[in-house]
Structure formats: C-alpha cells, structure tokens
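> The file below is entry.txt, compact mmCIF, C-alpha atoms:
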```txt
# COMPACT_ATOMS: atom_id res chain seq x y z
CA MET O 1 -6.27 -9.25 14.14
CA THR O 2 -9.01 -11.22 12.37
CA ARG O 3 -9.82 -11.09 8.70
CA ARG O 4 -13.17 -9.55 9.56
CA MET O 5 -11.38 -6.68 11.26
CA LEU O 6 -9.06 -6.38 8.27
CA ALA O 7 -12.02 -6.23 5.92
CA THR O 8 -13.71 -3.63 8.11
CA LEU O 9 -10.62 -1.44 8.06
CA ALA O 10 -10.17 -1.93 4.34
CA MET O 11 -13.74 -0.95 3.65
CA GLY O 12 -13.19 2.27 5.59
CA ALA O 13 -10.78 3.17 2.82
CA VAL O 14 -13.03 1.79 0.10
CA LEU O 15 -15.87 4.00 1.32
CA GLY O 16 -13.67 7.08 1.28
CA MET O 17 -13.51 7.25 5.09
CA GLY O 18 -9.75 7.42 5.38
CA ALA O 19 -7.46 10.28 4.47
CA GLY O 20 -6.42 12.95 6.82
CA GLN O 21 -5.03 14.20 10.09
CA ALA O 22 -6.36 15.63 13.32
CA GLN O 23 -9.56 17.59 12.95
CA ALA O 24 -8.21 20.37 15.15
CA GLN O 25 -5.56 21.31 12.62
CA ALA O 26 -6.93 21.11 9.11
CA PRO O 27 -4.17 21.16 6.49
CA ALA O 28 -3.85 23.96 3.97
CA LYS O 29 -5.61 23.48 0.65
CA ASN O 30 -3.67 22.16 -2.31
CA ASP O 31 -3.07 24.44 -5.27
CA TYR O 32 -4.45 22.48 -8.20
CA SER O 33 -3.31 25.17 -10.63
CA LYS O 34 0.17 23.66 -10.24
CA PRO O 35 0.99 20.84 -12.69
CA ASP O 36 2.76 18.90 -9.91
CA ALA O 37 -0.60 18.47 -8.16
CA TRP O 38 -1.73 16.22 -11.02
CA LEU O 39 -0.57 12.75 -11.99
CA CYS O 40 -2.18 13.10 -15.40
CA TRP O 41 -3.08 16.30 -17.20
CA PRO O 42 -3.08 16.63 -21.01
CA GLY O 43 0.16 18.15 -22.25
CA LYS O 44 1.85 18.12 -18.85
CA ALA O 45 5.59 17.45 -18.89
CA GLY O 46 6.10 14.06 -17.27
CA ASP O 47 2.44 13.13 -17.55
CA ALA O 48 2.11 9.81 -15.70
CA CYS O 49 -0.43 8.59 -18.27
CA SER O 50 1.95 9.08 -21.19
CA VAL O 51 3.49 5.64 -20.82
CA ASP O 52 4.02 2.51 -22.87
CA MET O 53 0.73 0.58 -22.95
CA THR O 54 1.80 -2.02 -25.51
CA ALA O 55 0.29 -5.46 -24.93
CA THR O 56 1.11 -8.95 -26.13
CA VAL O 57 -1.89 -10.94 -27.30
CA VAL O 58 -1.46 -14.51 -26.02
CA ASN O 59 -3.72 -16.87 -27.94
CA ALA O 60 -5.01 -20.25 -26.76
CA ASP O 61 -2.57 -22.13 -29.01
CA GLY O 62 0.38 -20.27 -27.48
CA SER O 63 0.94 -17.98 -30.46
CA THR O 64 1.48 -14.31 -29.70
CA ALA O 65 1.18 -10.95 -31.41
CA VAL O 66 2.04 -7.44 -30.30
CA GLU O 67 -0.86 -5.00 -29.91
CA SER O 68 0.15 -1.36 -30.12
CA PHE O 69 -1.56 1.49 -28.30
CA LYS O 70 -1.96 5.18 -29.02
CA ALA O 71 -3.69 7.80 -26.94
CA ASP O 72 -6.06 10.20 -28.71
CA ALA O 73 -5.03 13.78 -27.98
CA LYS O 74 -8.24 14.94 -29.67
CA ALA O 75 -10.57 12.63 -27.77
CA PRO O 76 -14.10 14.09 -27.63
CA ILE O 77 -14.65 13.57 -23.88
CA ASP O 78 -12.64 13.66 -20.65
CA CYS O 79 -11.98 11.14 -17.87
CA PHE O 80 -11.51 12.21 -14.24
CA TYR O 81 -9.89 9.53 -12.06
CA VAL O 82 -9.44 8.98 -8.31
CA TYR O 83 -6.95 6.23 -7.48
CA PRO O 84 -7.19 3.56 -4.75
CA THR O 85 -5.20 3.11 -1.53
CA VAL O 86 -1.64 2.69 -2.75
CA SER O 87 0.58 5.16 -0.87
CA THR O 88 3.35 3.78 1.32
CA ASP O 89 4.26 7.19 2.72
CA PRO O 90 5.19 6.92 6.42
CA GLY O 91 2.26 8.80 7.98
CA VAL O 92 -1.52 8.55 8.14
CA VAL O 93 -1.88 10.94 5.22
CA SER O 94 0.08 10.72 1.99
CA ASP O 95 2.03 13.69 0.73
CA MET O 96 1.59 15.29 -2.67
CA THR O 97 4.63 13.66 -4.25
CA ALA O 98 4.02 11.07 -6.96
CA ASN O 99 6.02 8.01 -5.96
CA ALA O 100 6.34 4.67 -7.76
CA GLU O 101 3.04 3.37 -6.39
CA GLU O 102 0.98 6.32 -7.70
CA LEU O 103 2.77 6.19 -11.04
CA ASN O 104 2.14 2.45 -11.32
CA VAL O 105 -1.56 2.57 -10.48
CA VAL O 106 -2.43 5.03 -13.25
CA ARG O 107 -0.62 2.79 -15.72
CA GLN O 108 -2.57 -0.23 -14.50
CA GLN O 109 -6.02 1.32 -14.18
CA LEU O 110 -6.23 4.52 -16.20
CA ALA O 111 -3.84 5.20 -19.07
CA ARG O 112 -5.58 2.80 -21.49
CA PHE O 113 -8.67 5.03 -21.38
CA GLY O 114 -6.50 7.62 -23.15
CA SER O 115 -7.61 6.12 -26.47
CA LYS O 116 -11.16 7.39 -25.74
CA CYS O 117 -10.81 10.42 -23.45
CA ARG O 118 -8.46 13.12 -22.26
CA ILE O 119 -7.26 12.09 -18.81
CA PHE O 120 -7.20 14.13 -15.60
CA ALA O 121 -5.93 12.46 -12.41
CA PRO O 122 -5.20 14.58 -9.33
CA LEU O 123 -2.86 13.66 -6.55
CA TYR O 124 -4.65 13.76 -3.19
CA ARG O 125 -3.73 13.23 0.45
CA GLN O 126 -5.13 9.78 0.95
CA PHE O 127 -5.25 7.43 3.93
CA THR O 128 -2.08 5.43 3.42
CA LEU O 129 -1.35 1.74 3.23
CA THR O 130 1.15 2.39 6.00
CA ALA O 131 -1.61 3.58 8.33
CA LEU O 132 -3.92 0.74 7.30
CA ARG O 133 -1.27 -1.87 7.99
CA ALA O 134 -0.53 -0.31 11.38
CA MET O 135 -4.21 -0.51 12.29
CA VAL O 136 -4.34 -4.14 11.20
CA ALA O 137 -1.34 -4.83 13.43
CA GLY O 138 -3.15 -3.23 16.38
CA THR O 139 -0.78 -0.26 16.60
CA PRO O 140 -2.62 2.61 14.88
CA LEU O 141 -0.60 5.68 14.00
CA PRO O 142 -1.42 8.93 15.82
CA GLY O 143 -4.45 10.58 14.22
CA ALA O 144 -5.54 7.46 12.32
CA THR O 145 -8.82 7.16 14.19
CA ASP O 146 -9.64 10.88 14.41
CA PRO O 147 -13.13 11.58 12.99
CA GLY O 148 -11.69 14.38 10.89
CA VAL O 149 -9.36 12.17 8.88
CA ARG O 150 -12.02 11.27 6.34
CA GLN O 151 -12.31 14.86 5.20
CA VAL O 152 -8.79 15.65 3.97
CA GLY O 153 -8.61 13.37 0.94
CA TYR O 154 -12.24 14.06 0.09
CA ASN O 155 -11.68 17.82 0.25
CA ASP O 156 -8.67 17.46 -2.03
CA VAL O 157 -10.70 15.56 -4.62
CA VAL O 158 -13.51 18.13 -4.47
CA ASP O 159 -10.99 20.96 -4.95
CA ALA O 160 -9.36 19.16 -7.88
CA TRP O 161 -12.75 18.45 -9.48
CA ASN O 162 -13.82 22.08 -9.16
CA TYR O 163 -10.51 23.32 -10.57
CA TYR O 164 -10.87 20.98 -13.55
CA LEU O 165 -14.44 22.16 -14.15
CA ALA O 166 -13.52 25.82 -13.93
CA HIS O 167 -10.38 25.75 -16.05
CA GLU O 168 -10.40 22.78 -18.42
CA ASN O 169 -13.79 21.14 -18.87
CA LYS O 170 -15.37 23.85 -21.06
CA GLY O 171 -18.65 22.00 -21.36
CA ARG O 172 -17.16 18.65 -22.38
CA GLY O 173 -18.59 15.29 -21.41
CA VAL O 174 -16.75 13.53 -18.61
CA VAL O 175 -16.43 9.98 -17.28
CA LEU O 176 -15.65 9.68 -13.57
CA ILE O 177 -13.47 6.67 -12.71
CA GLY O 178 -12.47 5.34 -9.31
CA HIS O 179 -11.31 2.20 -7.58
CA SER O 180 -11.47 1.22 -3.89
CA GLN O 181 -10.74 4.34 -1.80
CA GLY O 182 -11.10 6.39 -4.99
CA SER O 183 -14.53 4.91 -5.65
CA GLY O 184 -15.55 5.63 -2.08
CA LEU O 185 -14.62 9.27 -2.53
CA LEU O 186 -16.59 9.48 -5.78
CA GLN O 187 -19.59 8.03 -3.97
CA ARG O 188 -19.43 11.10 -1.75
CA LEU O 189 -18.56 13.62 -4.47
CA ILE O 190 -21.23 12.69 -7.00
CA PRO O 191 -24.29 13.20 -4.74
CA ALA O 192 -22.81 16.34 -3.18
CA GLU O 193 -21.23 18.07 -6.17
CA ILE O 194 -22.88 16.68 -9.32
CA GLU O 195 -26.40 15.32 -8.87
CA GLY O 196 -29.01 18.02 -9.25
CA LYS O 197 -26.48 20.54 -10.54
CA PRO O 198 -26.01 21.77 -14.14
CA VAL O 199 -22.83 19.70 -14.56
CA GLN O 200 -24.83 16.46 -14.27
CA LYS O 201 -25.88 16.76 -17.89
CA GLN O 202 -22.18 16.44 -18.83
CA VAL O 203 -21.66 13.15 -16.97
CA VAL O 204 -21.13 10.48 -19.60
CA SER O 205 -20.83 7.74 -16.97
CA ALA O 206 -19.35 6.87 -13.59
CA LEU O 207 -17.15 3.79 -13.19
CA ILE O 208 -17.27 2.87 -9.50
CA LEU O 209 -14.94 -0.13 -9.34
CA GLY O 210 -13.91 -2.28 -6.40
CA SER O 211 -16.40 -0.69 -4.01
CA ASN O 212 -19.96 -1.34 -2.87
CA LEU O 213 -22.24 1.08 -4.71
CA GLY O 214 -25.57 0.70 -2.98
CA VAL O 215 -28.80 0.38 -4.95
CA GLU O 216 -32.26 -0.27 -3.58
CA LYS O 217 -33.25 -3.88 -4.08
CA GLY O 218 -34.97 -4.31 -7.43
CA LYS O 219 -33.93 -0.83 -8.59
CA ASP O 220 -31.03 0.82 -10.39
CA THR O 221 -30.60 3.79 -8.05
CA GLY O 222 -29.76 4.20 -4.40
CA THR O 223 -26.58 5.98 -3.32
CA PHE O 224 -26.92 7.86 -6.61
CA LYS O 225 -30.51 9.08 -6.72
CA THR O 226 -30.59 10.13 -10.38
CA ILE O 227 -27.72 8.20 -11.96
CA PRO O 228 -28.97 4.67 -12.71
CA LEU O 229 -26.91 1.59 -13.49
CA CYS O 230 -25.90 1.24 -17.14
CA LYS O 231 -27.88 -1.31 -19.16
CA SER O 232 -26.26 -0.73 -22.55
CA ALA O 233 -23.07 0.70 -23.99
CA ARG O 234 -25.02 3.52 -25.66
CA GLN O 235 -26.62 4.67 -22.41
CA ILE O 236 -25.17 7.84 -20.91
CA GLY O 237 -25.51 9.46 -17.53
CA CYS O 238 -25.29 6.04 -15.85
CA ALA O 239 -22.98 4.05 -13.58
CA ILE O 240 -20.99 0.82 -13.82
CA SER O 241 -19.97 -0.83 -10.58
CA TYR O 242 -18.79 -4.26 -9.46
CA VAL O 243 -16.44 -6.17 -7.19
CA THR O 244 -14.76 -9.30 -8.53
CA PHE O 245 -14.47 -12.83 -7.15
CA ARG O 246 -13.38 -16.09 -8.75
CA ASP O 247 -16.10 -18.63 -9.49
CA THR O 248 -13.97 -21.11 -7.51
CA MET O 249 -13.62 -18.73 -4.55
CA PRO O 250 -16.89 -16.86 -3.87
CA PRO O 251 -17.02 -14.24 -1.11
CA PRO O 252 -16.89 -15.82 2.35
CA GLY O 253 -19.31 -14.65 4.99
CA ASN O 254 -16.79 -12.22 6.48
CA SER O 255 -16.23 -10.29 3.23
CA ARG O 256 -17.40 -6.68 3.13
CA PHE O 257 -17.18 -6.60 -0.67
CA GLY O 258 -20.43 -7.21 -2.52
CA LYS O 259 -22.70 -6.76 0.48
CA MET O 260 -24.50 -3.78 2.00
CA GLN O 261 -25.15 -3.28 5.69
CA VAL O 262 -28.66 -1.90 5.08
CA ALA O 263 -31.28 -4.61 4.54
CA THR O 264 -33.16 -2.67 1.84
CA MET O 265 -30.02 -2.15 -0.25
CA GLU O 266 -27.75 -4.39 -2.29
CA ALA O 267 -24.35 -3.89 -3.86
CA ALA O 268 -24.59 -2.99 -7.53
CA CYS O 269 -23.14 -5.37 -10.10
CA THR O 270 -22.94 -4.35 -13.74
CA ASN O 271 -20.95 -6.66 -15.98
CA PRO O 272 -19.05 -4.35 -18.38
CA ALA O 273 -18.87 -7.25 -20.86
CA ALA O 274 -22.67 -7.71 -20.86
CA LEU O 275 -24.43 -4.64 -19.45
CA ALA O 276 -27.85 -6.08 -20.29
CA GLY O 277 -27.04 -9.20 -18.26
CA GLY O 278 -25.59 -12.65 -18.81
CA LYS O 279 -22.12 -14.12 -19.25
CA ALA O 280 -19.54 -12.80 -21.70
CA GLU O 281 -15.81 -12.65 -22.31
CA LEU O 282 -13.85 -10.33 -20.05
CA LYS O 283 -11.19 -8.57 -22.11
CA ALA O 284 -8.48 -8.44 -19.48
CA TYR O 285 -5.27 -6.46 -19.77
CA LEU O 286 -3.08 -8.03 -17.12
CA SER O 287 0.19 -6.62 -15.91
CA ASN O 288 3.32 -8.35 -17.13
CA THR O 289 5.43 -6.52 -14.55
CA ALA O 290 3.82 -5.29 -11.32
CA ASN O 291 0.29 -5.13 -9.97
CA ILE O 292 -1.18 -2.29 -7.93
CA ALA O 293 0.06 -3.75 -4.64
CA SER O 294 3.04 -5.68 -3.40
CA SER O 295 0.70 -8.26 -1.88
CA ALA O 296 -0.04 -9.67 -5.34
CA ALA O 297 1.69 -12.74 -6.68
CA PRO O 298 4.06 -12.24 -9.64
CA PRO O 299 2.77 -12.87 -13.17
CA PRO O 300 2.51 -16.51 -14.22
CA THR O 301 4.32 -18.03 -17.18
CA TRP O 302 1.91 -17.08 -19.94
CA VAL O 303 2.98 -19.85 -22.37
CA LYS O 304 4.55 -23.09 -21.19
CA ASP O 305 8.27 -23.40 -21.89
CA LYS O 306 8.45 -19.86 -23.33
CA PRO O 307 9.86 -16.75 -21.67
CA ASN O 308 7.30 -14.10 -20.89
CA PRO O 309 7.07 -11.26 -23.41
CA LYS O 310 8.70 -7.90 -22.73
CA THR O 311 5.58 -5.76 -23.17
CA PRO O 312 4.10 -4.22 -19.99
CA PHE O 313 0.74 -5.94 -20.53
CA VAL O 314 -0.70 -9.16 -21.89
CA THR O 315 -4.23 -9.85 -23.07
CA LEU O 316 -5.63 -13.37 -23.33
CA PRO O 317 -8.56 -13.83 -25.74
CA SER O 318 -11.27 -16.24 -24.56
CA LEU O 319 -9.50 -17.11 -21.30
CA ILE O 320 -11.81 -15.32 -18.85
CA THR O 321 -15.59 -14.95 -18.81
CA GLY O 322 -17.67 -13.06 -16.31
CA GLN O 323 -21.22 -12.73 -15.09
CA CYS O 324 -22.99 -10.94 -12.25
CA VAL O 325 -24.30 -13.29 -9.61
CA SER O 326 -26.33 -12.86 -6.44
CA LYS O 327 -25.68 -15.56 -3.88
CA ASP O 328 -25.74 -15.85 -0.11
CA GLY O 329 -26.48 -12.16 0.29
CA PHE O 330 -23.62 -11.04 -1.97
CA SER O 331 -23.74 -9.45 -5.41
CA TYR O 332 -20.55 -9.55 -7.43
CA LEU O 333 -18.86 -10.11 -10.78
CA GLU O 334 -17.95 -13.79 -10.97
CA ALA O 335 -14.82 -14.42 -13.05
CA GLN O 336 -14.32 -17.84 -14.60
CA VAL O 337 -10.94 -18.87 -16.00
CA ASN O 338 -11.55 -21.22 -18.91
CA ALA O 339 -8.57 -23.46 -18.29
CA ASN O 340 -7.49 -25.98 -20.88
CA PRO O 341 -4.62 -28.18 -19.72
CA ALA O 342 -4.22 -29.50 -23.27
CA ASP O 343 -2.99 -26.16 -24.65
CA PRO O 344 0.26 -24.40 -23.75
CA ARG O 345 -1.31 -21.16 -22.48
CA THR O 346 -1.55 -20.46 -18.76
CA ASP O 347 -4.53 -21.93 -16.93
CA THR O 348 -4.48 -19.38 -14.16
CA ILE O 349 -4.35 -15.66 -13.49
CA ASN O 350 -3.11 -13.74 -10.48
CA GLY O 351 -4.89 -10.95 -8.65
CA ASP O 352 -5.62 -12.32 -5.20
CA VAL O 353 -4.39 -10.54 -2.09
CA VAL O 354 -1.72 -12.80 -0.66
CA GLY O 355 -0.93 -12.56 3.03
CA PRO O 356 1.85 -13.94 5.24
CA GLY O 357 2.90 -17.46 4.40
CA GLY O 358 1.35 -17.19 0.94
CA VAL O 359 -2.20 -17.50 2.30
CA VAL O 360 -4.82 -16.01 -0.01
CA ALA O 361 -7.19 -13.54 1.67
CA LYS O 362 -10.40 -14.94 0.21
CA ASP O 363 -12.53 -12.08 1.51
CA TRP O 364 -10.74 -9.64 -0.81
CA GLY O 365 -11.54 -11.57 -3.98
CA LEU O 366 -9.75 -10.29 -7.10
CA HIS O 367 -9.71 -6.75 -5.72
CA LEU O 368 -6.24 -6.01 -7.07
CA ILE O 369 -7.36 -6.54 -10.68
CA ASP O 370 -10.94 -5.21 -10.58
CA ALA O 371 -9.98 -2.72 -13.28
CA ASN O 372 -7.55 -4.90 -15.26
CA ILE O 373 -9.83 -7.91 -15.57
CA ALA O 374 -12.38 -6.01 -17.68
CA MET O 375 -10.23 -3.14 -18.96
CA GLY O 376 -10.89 -3.86 -22.63
CA ASN O 377 -14.64 -3.97 -22.02
CA LEU O 378 -14.60 -0.76 -19.99
CA VAL O 379 -12.64 1.09 -22.65
CA ASP O 380 -15.01 -0.18 -25.36
CA VAL O 381 -18.04 0.97 -23.35
CA VAL O 382 -16.56 4.41 -22.77
CA GLY O 383 -15.90 4.67 -26.52
CA GLU O 384 -19.51 3.84 -27.33
CA GLN O 385 -20.77 6.21 -24.66
CA ALA O 386 -18.61 8.98 -26.11
CA LYS O 387 -20.29 8.47 -29.49
CA ALA O 388 -23.74 8.49 -27.90
CA TYR O 389 -22.91 11.65 -25.99
CA ALA O 390 -21.68 13.35 -29.15
CA GLY O 391 -24.91 12.33 -30.90
CA ARG O 392 -27.01 13.80 -28.13
CA LYS O 393 -25.03 17.03 -28.22
```
Can you give me the file's structure in the form of structure tokens?

Amino acid sequence: MTRRMLATLAMGAVLGMGAGQAQAQAPAKNDYSKPDAWLCWPGKAGDACSVDMTATVVNADGSTAVESFKADAKAPIDCFYVYPTVSTDPGVVSDMTANAEELNVVRQQLARFGSKCRIFAPLYRQFTLTALRAMVAGTPLPGATDPGVRQVGYNDVVDAWNYYLAHENKGRGVVLIGHSQGSGLLQRLIPAEIEGKPVQKQVVSALILGSNLGVEKGKDTGTFKTIPLCKSARQIGCAISYVTFRDTMPPPGNSRFGKMQVATMEAACTNPAALAGGKAELKAYLSNTANIASSAAPPPTWVKDKPNPKTPFVTLPSLITGQCVSKDGFSYLEAQVNANPADPRTDTINGDVVGPGGVVAKDWGLHLIDANIAMGNLVDVVGEQAKAYAGRK
C-alpha cells in the first residue's frame, strides 16, 4: 500500500467521510440527554475535561517554572468540540464508550480552552483507526467501504449539536472546534445546520484544524459561504484553519494536506499567532506523557542532563515560530524550530507520524500536534473573541 493510498484513506476520515455501518441497517440514534453520551459537559461527574492541565515552562537557558491552570466555570461563551480519528475499537464504527484514546485526546486538544469557555464534547460513532489500518493493509473490514458509512458519525454530531442548542446553549456564543475527522464533520455541519440560520449570529468562531478548509483563490470564503477566515483576534463569526508542516520537511507531492482537488480552490491557512499575516511565535503546549496517537515518538529530553518534569504539559517560550506559506500548490502553516545547540534546552520537537522501522511519514506533516503547536495562541484568540462577542451583545 503506497503512501498516496494511505493519504487518500486518511483524508476520507479528515473530510468526515468515515463513520458508520451498512446503509441497509441504520443504527438507532444516540440519546444525548444521557451524561454518558458526552466526554465533556459542565458539571458532569467524571467530566473528561476536568483534568490536570499544569504545564512546566522550559526557558531557553534551561530554567523551569510551573504554570498552573484553572478552568472558568462562569466563562461567558461555550465551546463545542468534535474529536479526530482516535478510536481503536475493533469494528468499523466506534462504540459510545469513552476509552483511554478519547479521554486523552480531549486533554491534548480541548481542556485548555476551559479557561475561556464552557466545554461540550459529545461521543460519536466514528470511523475507527482499526478500520483505517485494515484498509491500509489491503484487508478492509466488512462495511468499511459502504457508501452509508459516512452518515453515522455525522448524524451523531448533528444530533448532539441540536441537543446542546435546545437544552444548554440558551443564546450563548459558541466556538466550534474540530481536528481531522472532527474538522471534516464540522465542514459538513456548519453549511447544513448553521449558515443562513438564526444560530449563525451566535457563532463566535470555528476552529477547523488539521483539515483542508477550501476557500476560493484570493478570497476568504468557499466551503463556508458566509463565514470568512479570521483576520484579527477581535473578529467574530469567522474561521481559523491550517495544517502544519516543518520548515525542514514541506509537504511532498503525494500529501493530501494543504491542497484542494478543485483548481479554483485552495486550502485555507490562518496563522493563529498572526491572523493578519506574517511570522510569529507559536505558543505550543506539548504533551509530556502521550500524544493523540501511538504512532508518535515519545517526548524528547526537554533540558539536557535533567529529568523531564512531572507535569502533563510543557511550554517552550521562543522555541517555535510559524507562518502561513503557499508553495508548490500547497498552503500550510510552516513551523520553524529555533534550535540553539549552545543552550541546554531541546533543539527538537516531536509530532511526526512515525511508521514501521521508525520512518517518518512526511506527507502527514505535524498532523498529530496541529492543535498543541499553537494551543496558547488559539486559547488567547478565543479569549479575545469572547470579549468582542460580549461587546457586540
């Protein structure tokens, strides 16, 4: 199986095309009135977003400091999140049980937004990693290629969204957040369920991470007809979207990230560190324990000759800068690690997809840390947008 075929299959999930079972026997709807149908719901017992988000600040000279974190139970807006392809359940479609992989991904990609918004994250029956890996191996699981599979996970997300609107939103502003398969599902939900409807005026922003959000060349709209790309942190009703590659490892020709298949469209890139354009520091919060997938390398030694800190996250001021670039038909967030061999701090970060034999899958870029690499910037932007939304109200 070639990398091009792998990328094609992966992008099926990224575009929200995978999650389901045979069309002839549609599964029963989930009951989103039940707390167990949600990973994160304010006040829920065992809320997956109520976790330790403490970070160690690792400075260039090797000194460290602990940065505490506290969620804001009275946050003025909400966040609604759809997670990426993480389930290792045995079938084509995941069940509705929160396993370690679902619990880990909300810690990595979502819980830090709790300082700016109340968090709602439904479980949904997604196309699993198990099924994806079987397809890559050339032995697809029964039902994996059925045209009806794309509907099950999408229908779940629509049902969860509508339940949240009916029972909890109460006119509040909301940020929609997704990554990979989750972003693909939001790219279907927003045009169908939000644009042109009264609820659109409550959309603070949409964070479409790790997926190709199409915009017409030279414009800020495309897939979303009336939700433009964000140009400032005080702009509301807009979208932020990017895929991430290292400056030393740009997307190869076979990558499906950062490139549209329609000649009149291009993949959106909005740098959350510099929405108006240009290069700026990416405020990364990198995992000190586990990433969102087992195919990631373990964390590096953050400071030479020192044991790694015990906090679940580290943040590294001035180490990473980012800018949006358009090159060779691709549009993406280029991440530059500002290595300095003379200081004791790490000169590298992990986040590549690593295949058999330790070979890096260059066509995936830094997909595993799309959210982490700019988490501080994204949280700051959402905080500013919340203030702007409150001012408009």
> Take the point (-21.4, -14.1, -15.6) in the file's coordinates, draw a sphere of radius 7 Å around it, and report as a PyMOL selection string every protein, DNA or RNA residue with an atom inside or on it, counting all atoms listed in the file.
chain O and resi 278-280+321-325+333-334
> With all atoms listed in the file as the atoms that count, which of O:Leu185, O:Ile208, O:Val57, O:Ala335 lies nearest to Val157 in chain O?
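For Val157 in chain O, the nearest of the given residues is O:Leu185.
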> Using only C-alpha atoms for the distances, tell me which of O:Val215, O:Ile349, O:Val158, O:Leu39 is nearest to Asn99 in chain O.
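Checking each candidate against Asn99 in chain O, we get O:Leu39 as the closest.
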> Excluding same-chain residues fewer than 5 positions from Pro300 in chain O, what lies within 10 Å of it counting all atoms listed in the file, as a list in words?
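Counting all atoms listed in the file, the residues come to Asn288, Asn308, Thr346, Asp347, Thr348, Ile349 and Asn350 of chain O.
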> Can you spit out the residues from that selection as an mmCIF file, keeping the file's coordinate frame, using C-alpha atoms?

```cif
data_model
loop_
_atom_site.group_PDB
_atom_site.id
_atom_site.type_symbol
_atom_site.label_atom_id
_atom_site.label_comp_id
_atom_site.auth_asym_id
_atom_site.auth_seq_id
_atom_site.Cartn_x
_atom_site.Cartn_y
_atom_site.Cartn_z
ATOM 1 C CA ASN O 288 3.320 -8.350 -17.130
ATOM 2 C CA ASN O 308 7.300 -14.100 -20.890
ATOM 3 C CA THR O 346 -1.550 -20.460 -18.760
ATOM 4 C CA ASP O 347 -4.530 -21.930 -16.930
ATOM 5 C CA THR O 348 -4.480 -19.380 -14.160
ATOM 6 C CA ILE O 349 -4.350 -15.660 -13.490
ATOM 7 C CA ASN O 350 -3.110 -13.740 -10.480
#
```
> Of the candidates O:Met53, O:Ile190, O:Ile77, O:Ala339, which shows the shortest atom-to-atom distance to Phe120 in chain O, using all atoms listed in the file?
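Of O:Met53, O:Ile190, O:Ile77, O:Ala339, the one nearest Phe120 in chain O is O:Ile77, counting all atoms listed in the file.
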> Tell me which protein, DNA and RNA residues are within 8 Å of range 70-72 of chain O, counting all atoms listed in the file, leaving out same-chain ones fewer than 5 positions away, and put them as a list in words.
Arg112, Phe113, Gly114, Ser115, Lys116, Cys117 and Arg118 of chain O
> In Å, how far is it from CA of Val175 in chain O to CA of Thr315 in chain O?
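Pair CA of Val175 in chain O / CA of Thr315 in chain O returns 24.0 Å.
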> Rank nothing, just name the residue among O:Ala361, O:Gln108, O:Val82, O:Leu207 nearest to Cys238 in chain O, using all atoms listed in the file.
O:Leu207
> One number please: CA of Leu275 in chain O to CA of Ser232 in chain O, in Å, one decimal.
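Between these atoms lies a distance of 5.3 Å.
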> Need the shell around range 375-387 of chain O: protein/DNA/RNA residues with any atom at most 8 Å away, counting all atoms listed in the file. Skip same-chain ones fewer than 4 positions apart. Format as a VMD selection string?
chain O and resid 76 to 77 109 112 to 113 116 173 175 204 to 205 233 to 236 272 to 273 282 to 285 371 391
> Give me a file of those residues, with C-alpha atoms, as an mmCIF file, in the coordinates of the input.

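This went into result.cif:
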```
data_model
loop_
_atom_site.group_PDB
_atom_site.id
_atom_site.type_symbol
_atom_site.label_atom_id
_atom_site.label_comp_id
_atom_site.auth_asym_id
_atom_site.auth_seq_id
_atom_site.Cartn_x
_atom_site.Cartn_y
_atom_site.Cartn_z
ATOM 1 C CA PRO O 76 -14.100 14.090 -27.630
ATOM 2 C CA ILE O 77 -14.650 13.570 -23.880
ATOM 3 C CA GLN O 109 -6.020 1.320 -14.180
ATOM 4 C CA ARG O 112 -5.580 2.800 -21.490
ATOM 5 C CA PHE O 113 -8.670 5.030 -21.380
ATOM 6 C CA LYS O 116 -11.160 7.390 -25.740
ATOM 7 C CA GLY O 173 -18.590 15.290 -21.410
ATOM 8 C CA VAL O 175 -16.430 9.980 -17.280
ATOM 9 C CA VAL O 204 -21.130 10.480 -19.600
ATOM 10 C CA SER O 205 -20.830 7.740 -16.970
ATOM 11 C CA ALA O 233 -23.070 0.700 -23.990
ATOM 12 C CA ARG O 234 -25.020 3.520 -25.660
ATOM 13 C CA GLN O 235 -26.620 4.670 -22.410
ATOM 14 C CA ILE O 236 -25.170 7.840 -20.910
ATOM 15 C CA PRO O 272 -19.050 -4.350 -18.380
ATOM 16 C CA ALA O 273 -18.870 -7.250 -20.860
ATOM 17 C CA LEU O 282 -13.850 -10.330 -20.050
ATOM 18 C CA LYS O 283 -11.190 -8.570 -22.110
ATOM 19 C CA ALA O 284 -8.480 -8.440 -19.480
ATOM 20 C CA TYR O 285 -5.270 -6.460 -19.770
ATOM 21 C CA ALA O 371 -9.980 -2.720 -13.280
ATOM 22 C CA GLY O 391 -24.910 12.330 -30.900
#
```
> Hey, which of O:Val353, O:Ala28, O:Ala60, O:Ala100 ends up closest to Leu316 in chain O? Count only C-alpha atoms.
O:Ala60
> Restricting the calculation to only C-alpha atoms, which member of O:Asp61, O:Asp247, O:Glu102, O:Asp328 is positioned closest to Arg125 in chain O?
O:Glu102
> Would you mind reading off the distance between CA of Thr97 in chain O and CA of Ala297 in chain O, one decimal, in Å?
26.7 Å
> What's the 9 Å shell around Ile369 in chain O, counting all atoms listed in the file, without same-chain residues fewer than 2 positions away, as a PyMOL selection string?
chain O and resi 108-109+210+244+286+291-292+350-352+366-367+371-374
> Any idea what's packed within 10 Å of range 196-200 of chain O, counting all atoms listed in the file, ignoring anything in its chain fewer than 6 positions away? Could you give it as number ranges by chain?
O: 165, 171-174, 190, 225-227, 237
> Kindly export the residues of the current selection with C-alpha atoms, as a PDB file, in the frame of the given file.

```
ATOM      1  CA  LEU O 165     -14.440  22.160 -14.150  1.00  0.00           C
ATOM      2  CA  GLY O 171     -18.650  22.000 -21.360  1.00  0.00           C
ATOM      3  CA  ARG O 172     -17.160  18.650 -22.380  1.00  0.00           C
ATOM      4  CA  GLY O 173     -18.590  15.290 -21.410  1.00  0.00           C
ATOM      5  CA  VAL O 174     -16.750  13.530 -18.610  1.00  0.00           C
ATOM      6  CA  ILE O 190     -21.230  12.690  -7.000  1.00  0.00           C
ATOM      7  CA  LYS O 225     -30.510   9.080  -6.720  1.00  0.00           C
ATOM      8  CA  THR O 226     -30.590  10.130 -10.380  1.00  0.00           C
ATOM      9  CA  ILE O 227     -27.720   8.200 -11.960  1.00  0.00           C
ATOM     10  CA  GLY O 237     -25.510   9.460 -17.530  1.00  0.00           C
TER      11      GLY O 237
END
```
> In file coordinates, which residues lie within 9 Å of (2.6, 5.3, -19.7) using all atoms listed in the file, given as an MDAnalysis selection string?
chainID O and resid 47:53 103:104 106:107 111:112
> Return as lines of an AutoDock Vina configuration file the centre and edge lengths, in Å with one decimal, of the box along x, y and z that encloses every atom of range 204-211 of chain O in the file, padded by 4 Å per side.

```
center_x = -17.5
center_y = 4.1
center_z = -11.8
size_x = 15.2
size_y = 20.8
size_z = 23.6
```
